[in-house]
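Worksheet for the structure shown next.
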Number of protein chains: 2
Amino acid sequence: MARIALDAMGGDHAPRAAIAGALLALAELPAPHRIQLVGQAPVIEAELASLNADRSRLEIVPAADVIAMTDKPSVALRSKSSSMVVGLELQPRGLSDAFVSAGNTGAQMAASMRILKLLPGLERPAIGTLFPTALKPVLVLDSGAHVVCSAEELLQFARLGSVYAEDLLGRTNPVIGLLSIGEEDEKGNAVVKEANALLHASGLNFQGNVEGRDIPQGQSERGPIDVVVCDGFVGNILLKFYEAAGPVIMRMMVERLGLDAGKVRKGFSEFDYTEQGGAPLLGVSGVSIISHGKSNDRAIKNAIRVALRAVESGMTEHASRRLSQSVSA
Amino acid sequence: MARIALDAMGGDHAPRAAIAGALLALAELPAPHRIQLVGQAPVIEAELASLNADRSRLEIVPAADVIAMTDKPSVALRSKSSSMVVGLELQPRGLSDAFVSAGNTGAQMAASMRILKLLPGLERPAIGTLFPTALKPVLVLDSGAHVVCSAEELLQFARLGSVYAEDLLGRTNPVIGLLSIGEEDEKGNAVVKEANALLHASGLNFQGNVEGRDIPQGQSERGPIDVVVCDGFVGNILLKFYEAAGPVIMRMMVERLGLDAGKVRKGFSEFDYTEQGGAPLLGVSGVSIISHGKSNDRAIKNAIRVALRAVESGMTEHASRRLSQSVSA
């Protein structure tokens with residue numbers, strides 16, 4: 001049985017979207033999986049009542065404070081009784097298996113690092129996001145946790161991404177690409193060049209540098225790619241670029257070709273971030289799923305699904321083993 | 001009258017695509033504009049003969065050597081009789097007004113800087129590329145000339161982009177955005193934060209930081225954008241990403257919705273790089289248009305059109321004046 005804690009107060013549309021999302025998730029999740037709604041109990045109670053919820057697999061975990069979307073992570077960390085902190089602390093106390101929030105991303109990262117702790121040998125966690133492609137989805141990381149990354153950190157991201165691609169995407173011996181401006185090893189900035197050498201020596205299934213075009217195509221000229229590694233500055237810009245470019249192109253097509261908007265949207269659900277739901281913070285000893293601040297109930301439901309898959313796959317233990325091997329090697 | 005020199009030997013499909021492109025361009029360009037085909041005379045003669053070309057506004061400028069796509073820029077610069085060097089040298093000698101090549105980009109940049117010289121107060125040139133958006137196209141620079149850029153260079157790119165947007169895109173008082181991972185001034189890496197401050201103090205119409213999503217949308221929450229400034233690492237990755245993402249999404253739509261591929265392609269010609277033809281190297285004292293290595297005849301024709309517009313708009317003199325003002329200010 002998995003117990004998934006959900007930040008009932010996090011996100012632009014909280015608490016309604018969070019709580020409605022939890023109910024959608026419970027309708028799909030097989031018993032005995034449970035959801036823990038973390039937040040201000042009276043607010044949650046009122047929402048549940050207004051939604052006429054079946055509470056048999058729901059639990060309320062009271063947390064008096066709410067971290068605002070605009071709070072600095074340092075401020076947020078000082079608030080011991082926020083839904084973010086209370087929800088994450090359930091894991092080291094053995095009371096929960098995962099945490100999902102659509103709240104303040106910076107605060108969630110900082111609190112996850114402090115409360116769940118980093119896996120052995122790791123300096124930083126990374127956010128891994130799935131990009132739709134012409135072939136299978138490609139995992140891009142870091143997509144926004146850290147603006148500046150060292151070559152060693154990019155190597156760690158590759159290890160984390162490899163575990164994620166095996167456990168959550170079912171890829172065997174995942175192919176890693178390093179994002180740069182040319183496929184040749186010597187192309188890129190100083191950090192990328194150094195990371196290229198580290199990756200070649202890493203024992204990972206490293207394909208070499210990949211270019212921007214290889215992500216939407218799902219492959220470079222050398223073959224399909226499973227994981228693309230980059231710093232959080234580039235990754236975040238690309239993620240947001242793609243989140244907008246997909247819908248913009250589709251809207252243009254609907255208008256110019258007189259297509260049915262609903263049909264187009266439905267046929268391209270992978271370009272809808274609510275479909276993905278949330279991205280795991282990779283590299284912490286536990287499960288922390290970061291959802292879009294704008295998440296609606298469907299996005300929350302899908303984020304809970306991602307959390308369950310992360311728990312059931314044993315991804316954290318797998319990553320921990322993999323990183324320990326690389327440290328001792 | 002404009003005289004446009006074309007590197008007949010540059011690009012994956014040279015000399016055929018270059019020469020066929022020149023003929024397509026001449027069919028469109030009003031007299032007395034002329035094209036100068038630069039390269040190995042016997043090769044050019046043979047192509048012209050096989051294409052049965054009208055040579056009344058064509059001239060052959062002999063150049064014995066060819067710079068390979070894989071040559072290092074330094075190697076390329078030493079070859080005094082290459083089509084690249086000979087074609088560019090026509091400008092300072094007063095014999096030509098612009099140069100277009102689909103050849104080795106690194107060599108073209110290096111040769112353009114050495115032969116045409118940089119505009120006053122400039123440390124580096126930038127490649128400016130038009131990105132299709134839901135509104136008007138947005139100029140993104142640098143899209144690949146320089147992997148690492150200082151804050152001062154990003155400011156210079158903004159000045160160059162502003163001139164380009166006025167002269168080639170007809171925008172009045174162009175709105176500049178600085179690409180980052182959040183719209184707040186304090187978001188981004190150290191160079192971006194410094195550039196943000198310089199841009200606010202620059203007198204340019206600076207909107208502030210923009211995010212990845214604002215490019216395909218053609219606007220941020222603060223309003224439409226004309227120019228987006230970033231370093232060449234991020235810009236090149238984004239450019240190649242978009243060049244692939246557009247066609248990938250369209251192909252998916254054609255397949256999944258059973259649309260007519262030809263009709264879709266035609267309705268979305270802005271996602272076809274051959275339509276844009278070429279990107280000016282901004283910041284040199286002259287006109288040097290960089291075309292895609294894969295350019296076909298239509299791409300070359302469109303690159304020649306871009307060159308003509310750059311010449312006729314007086315963009316170089318305008319940029320030179322603008323930069324001189326900012327240096328003396």
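FYI, nothing fancy with the structure tokens labels: chains A, B, ... in order, residues from 1 per chain, ligands from 1 as they appear.
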### Query
If you count only C-alpha atoms, which residues fall within 12 Å of A:Leu48, apart from same-chain ones fewer than 4 positions away, as a ChimeraX atom specification?
/A:8,15-23,37,41-44,52-55,58-60
Considering only C-alpha atoms, give me a table of residues in chain B that are at most 9 Å from chain A, with the closest atom pair and distance in Å for each, as a Markdown table.
| residue | atom | partner | partner_atom | distance |
| --- | --- | --- | --- | --- |
| B:Thr133 | CA | A:Val248 | CA | 7.5 |
| B:Ala134 | CA | A:Val248 | CA | 6.1 |
| B:Gly144 | CA | A:Ile181 | CA | 8.0 |
| B:Val147 | CA | A:Asn189 | CA | 6.1 |
| B:Val148 | CA | A:Asn189 | CA | 6.7 |
| B:Leu179 | CA | A:Ile237 | CA | 8.0 |
| B:Ser180 | CA | A:Ile237 | CA | 7.0 |
| B:Ile181 | CA | A:Ile237 | CA | 6.1 |
| B:Gly188 | CA | A:Val147 | CA | 6.7 |
| B:Asn189 | CA | A:Val147 | CA | 6.1 |
| B:Glu211 | CA | A:Ile237 | CA | 6.4 |
| B:Gly212 | CA | A:Phe241 | CA | 4.1 |
| B:Arg213 | CA | A:Phe241 | CA | 4.3 |
| B:Asp214 | CA | A:Phe241 | CA | 7.4 |
| B:Ile215 | CA | A:Phe241 | CA | 6.9 |
| B:Pro216 | CA | A:Ala245 | CA | 5.2 |
| B:Gln217 | CA | A:Ala244 | CA | 6.7 |
| B:Gly232 | CA | A:Ile181 | CA | 8.8 |
| B:Phe233 | CA | A:Ile181 | CA | 6.4 |
| B:Val234 | CA | A:Val234 | CA | 6.3 |
| B:Asn236 | CA | A:Ile181 | CA | 6.3 |
| B:Ile237 | CA | A:Gly212 | CA | 4.5 |
| B:Leu238 | CA | A:Gly212 | CA | 6.2 |
| B:Leu239 | CA | A:Gly212 | CA | 7.4 |
| B:Lys240 | CA | A:Arg213 | CA | 4.7 |
| B:Phe241 | CA | A:Gly212 | CA | 4.1 |
| B:Tyr242 | CA | A:Arg213 | CA | 7.2 |
| B:Glu243 | CA | A:Arg213 | CA | 6.7 |
| B:Ala244 | CA | A:Arg213 | CA | 5.0 |
| B:Ala245 | CA | A:Pro216 | CA | 5.2 |
| B:Gly246 | CA | A:Ile249 | CA | 7.2 |
| B:Val248 | CA | A:Ala134 | CA | 6.1 |
| B:Ile249 | CA | A:Gly246 | CA | 7.2 |
| B:Met250 | CA | A:Ile249 | CA | 8.1 |
| B:Arg251 | CA | A:Ala134 | CA | 8.5 |
| B:Met252 | CA | A:Ala134 | CA | 7.4 |
| B:Met253 | CA | A:Val264 | CA | 7.9 |
| B:Arg256 | CA | A:Gly267 | CA | 6.9 |
| B:Leu257 | CA | A:Gly267 | CA | 7.7 |
| B:Lys263 | CA | A:Leu257 | CA | 8.5 |
| B:Val264 | CA | A:Leu257 | CA | 7.7 |
| B:Gly267 | CA | A:Arg256 | CA | 6.9 |
| B:Phe268 | CA | A:Met253 | CA | 8.1 |
Could you write out that same residue set with C-alpha atoms as a short mmCIF file (atom, residue, chain, number, x, y, z; two decimals), in the first residue's frame?
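part_32.cif written:
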data_model
loop_
_atom_site.label_atom_id
_atom_site.label_comp_id
_atom_site.auth_asym_id
_atom_site.auth_seq_id
_atom_site.Cartn_x
_atom_site.Cartn_y
_atom_site.Cartn_z
CA THR B 133 5.19 33.18 -33.11
CA ALA B 134 1.46 33.47 -32.49
CA GLY B 144 24.86 30.75 -32.46
CA VAL B 147 28.80 30.27 -26.90
CA VAL B 148 29.74 32.43 -23.94
CA LEU B 179 15.77 35.57 -21.97
CA SER B 180 15.79 34.09 -18.47
CA ILE B 181 13.99 31.63 -16.23
CA GLY B 188 18.80 34.08 -13.99
CA ASN B 189 22.51 33.40 -13.90
CA GLU B 211 10.73 33.36 -20.37
CA GLY B 212 10.89 30.51 -22.86
CA ARG B 213 7.12 30.51 -23.30
CA ASP B 214 7.06 34.16 -24.33
CA ILE B 215 8.92 33.47 -27.59
CA PRO B 216 6.36 31.20 -29.33
CA GLN B 217 3.59 33.38 -27.92
CA GLY B 232 24.69 31.86 -28.53
CA PHE B 233 24.59 28.61 -26.57
CA VAL B 234 20.97 29.00 -25.50
CA ASN B 236 21.43 28.00 -30.95
CA ILE B 237 19.80 25.22 -28.93
CA LEU B 238 16.44 27.02 -29.11
CA LEU B 239 16.77 27.70 -32.84
CA LYS B 240 17.49 24.08 -33.66
CA PHE B 241 14.84 22.90 -31.21
CA TYR B 242 12.18 25.04 -32.90
CA GLU B 243 13.35 24.11 -36.40
CA ALA B 244 12.60 20.50 -35.48
CA ALA B 245 9.60 20.95 -33.16
CA GLY B 246 7.47 22.73 -35.76
CA VAL B 248 7.52 17.23 -35.82
CA ILE B 249 4.23 18.58 -34.46
CA MET B 250 2.90 19.14 -37.97
CA ARG B 251 3.85 15.63 -39.05
CA MET B 252 2.09 14.23 -35.98
CA MET B 253 -1.02 16.20 -36.85
CA ARG B 256 -3.09 11.48 -36.42
CA LEU B 257 -5.79 13.62 -37.99
CA LYS B 263 -1.65 21.66 -47.52
CA VAL B 264 -0.34 21.70 -43.95
CA GLY B 267 -0.10 26.79 -44.51
CA PHE B 268 2.91 26.87 -42.18
#
### Task
Using DSSP on the backbone coordinates, identify the residues of stretch 33-154 of chain A assigned to helix (DSSP H, G or I); present them as JSON, numbers by chain.
{"A": [41, 42, 43, 44, 45, 46, 47, 48, 49, 50, 73, 74, 75, 76, 77, 78, 83, 84, 85, 86, 87, 88, 89, 105, 106, 107, 108, 109, 110, 111, 112, 113, 114, 115, 116, 151, 152, 153, 154]}
#### Entry: Option closest in space to B:Val38, from B:Ile127, B:Ala5, B:Ala111, B:Met69 [counting only C-alpha atoms]
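Among the listed residues, B:Ala5 lies closest to B:Val38.
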### Task
Can you list, as a ChimeraX atom specification, all residues belonging to stretch 46-198 of chain B that DSSP tags as strand (DSSP E or B)?
/B:58-62,65,82,98-101,118,126-131,138-141,176-179
Residue selection dump (C-alpha atoms) as a short mmCIF file (atom, residue, chain, number, x, y, z; two decimals), in the first residue's frame:
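So the final result, stored in selection-v2.cif, reads:
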data_model
loop_
_atom_site.label_atom_id
_atom_site.label_comp_id
_atom_site.auth_asym_id
_atom_site.auth_seq_id
_atom_site.Cartn_x
_atom_site.Cartn_y
_atom_site.Cartn_z
CA LEU B 58 25.09 37.60 -63.50
CA GLU B 59 28.80 37.96 -63.08
CA ILE B 60 31.39 35.32 -62.21
CA VAL B 61 34.07 36.26 -59.68
CA PRO B 62 36.76 33.57 -59.81
CA ASP B 65 39.65 27.37 -53.38
CA SER B 82 38.60 30.71 -51.17
CA ALA B 98 26.44 42.07 -49.68
CA PHE B 99 27.66 38.49 -49.34
CA VAL B 100 25.55 35.34 -48.95
CA SER B 101 26.86 31.87 -48.12
CA LEU B 118 33.30 45.11 -36.47
CA ALA B 126 25.73 38.07 -33.37
CA ILE B 127 23.50 35.97 -35.56
CA GLY B 128 19.91 37.19 -35.54
CA THR B 129 17.18 34.68 -36.41
CA LEU B 130 13.45 35.19 -36.79
CA PHE B 131 11.27 32.86 -34.75
CA VAL B 138 10.48 37.64 -32.88
CA LEU B 139 14.17 38.25 -33.58
CA VAL B 140 16.34 36.06 -31.36
CA LEU B 141 20.01 36.90 -31.02
CA ILE B 176 13.54 44.06 -26.13
CA GLY B 177 13.32 41.06 -23.80
CA LEU B 178 16.19 39.34 -22.01
CA LEU B 179 15.77 35.57 -21.97
#
### Task
Return the single residue from A:Met9, A:Val192, A:Met84, A:Ile304 that is closest to A:Leu26, with distances computed using only C-alpha atoms.
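Closest residue, counting only C-alpha atoms: A:Ile304.
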### Message
From the options A:Gly161, A:Arg93, A:Ala102, A:Glu221, which residue's atoms come nearest to A:Gly277, counting only C-alpha atoms?
### Response
A:Ala102
#### Entry: Test item: residues at most 12 Å from stretch 309-314 of chain B, only C-alpha atoms, excluding those fewer than 3 positions along its chain, as number ranges by chain
B: 1-4, 29, 33, 91, 96-100, 163-170, 278-282, 285-289, 302-306, 317-321
### Task
Provide the atom CA of B:Asn205 to atom CA of B:Arg171 distance in Å, to one decimal place.
11.8 Å
### Message
As an exercise, work out the distance from atom CA of B:Gly10 to atom CA of B:His292 in Å and give it to one decimal place.
### Response
10.0 Å
### Task
Could you check how far atom CA of A:Leu6 sits from atom CA of A:Gly103, in Å to one decimal?
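Atom CA of A:Leu6 sits 10.5 Å away from atom CA of A:Gly103.
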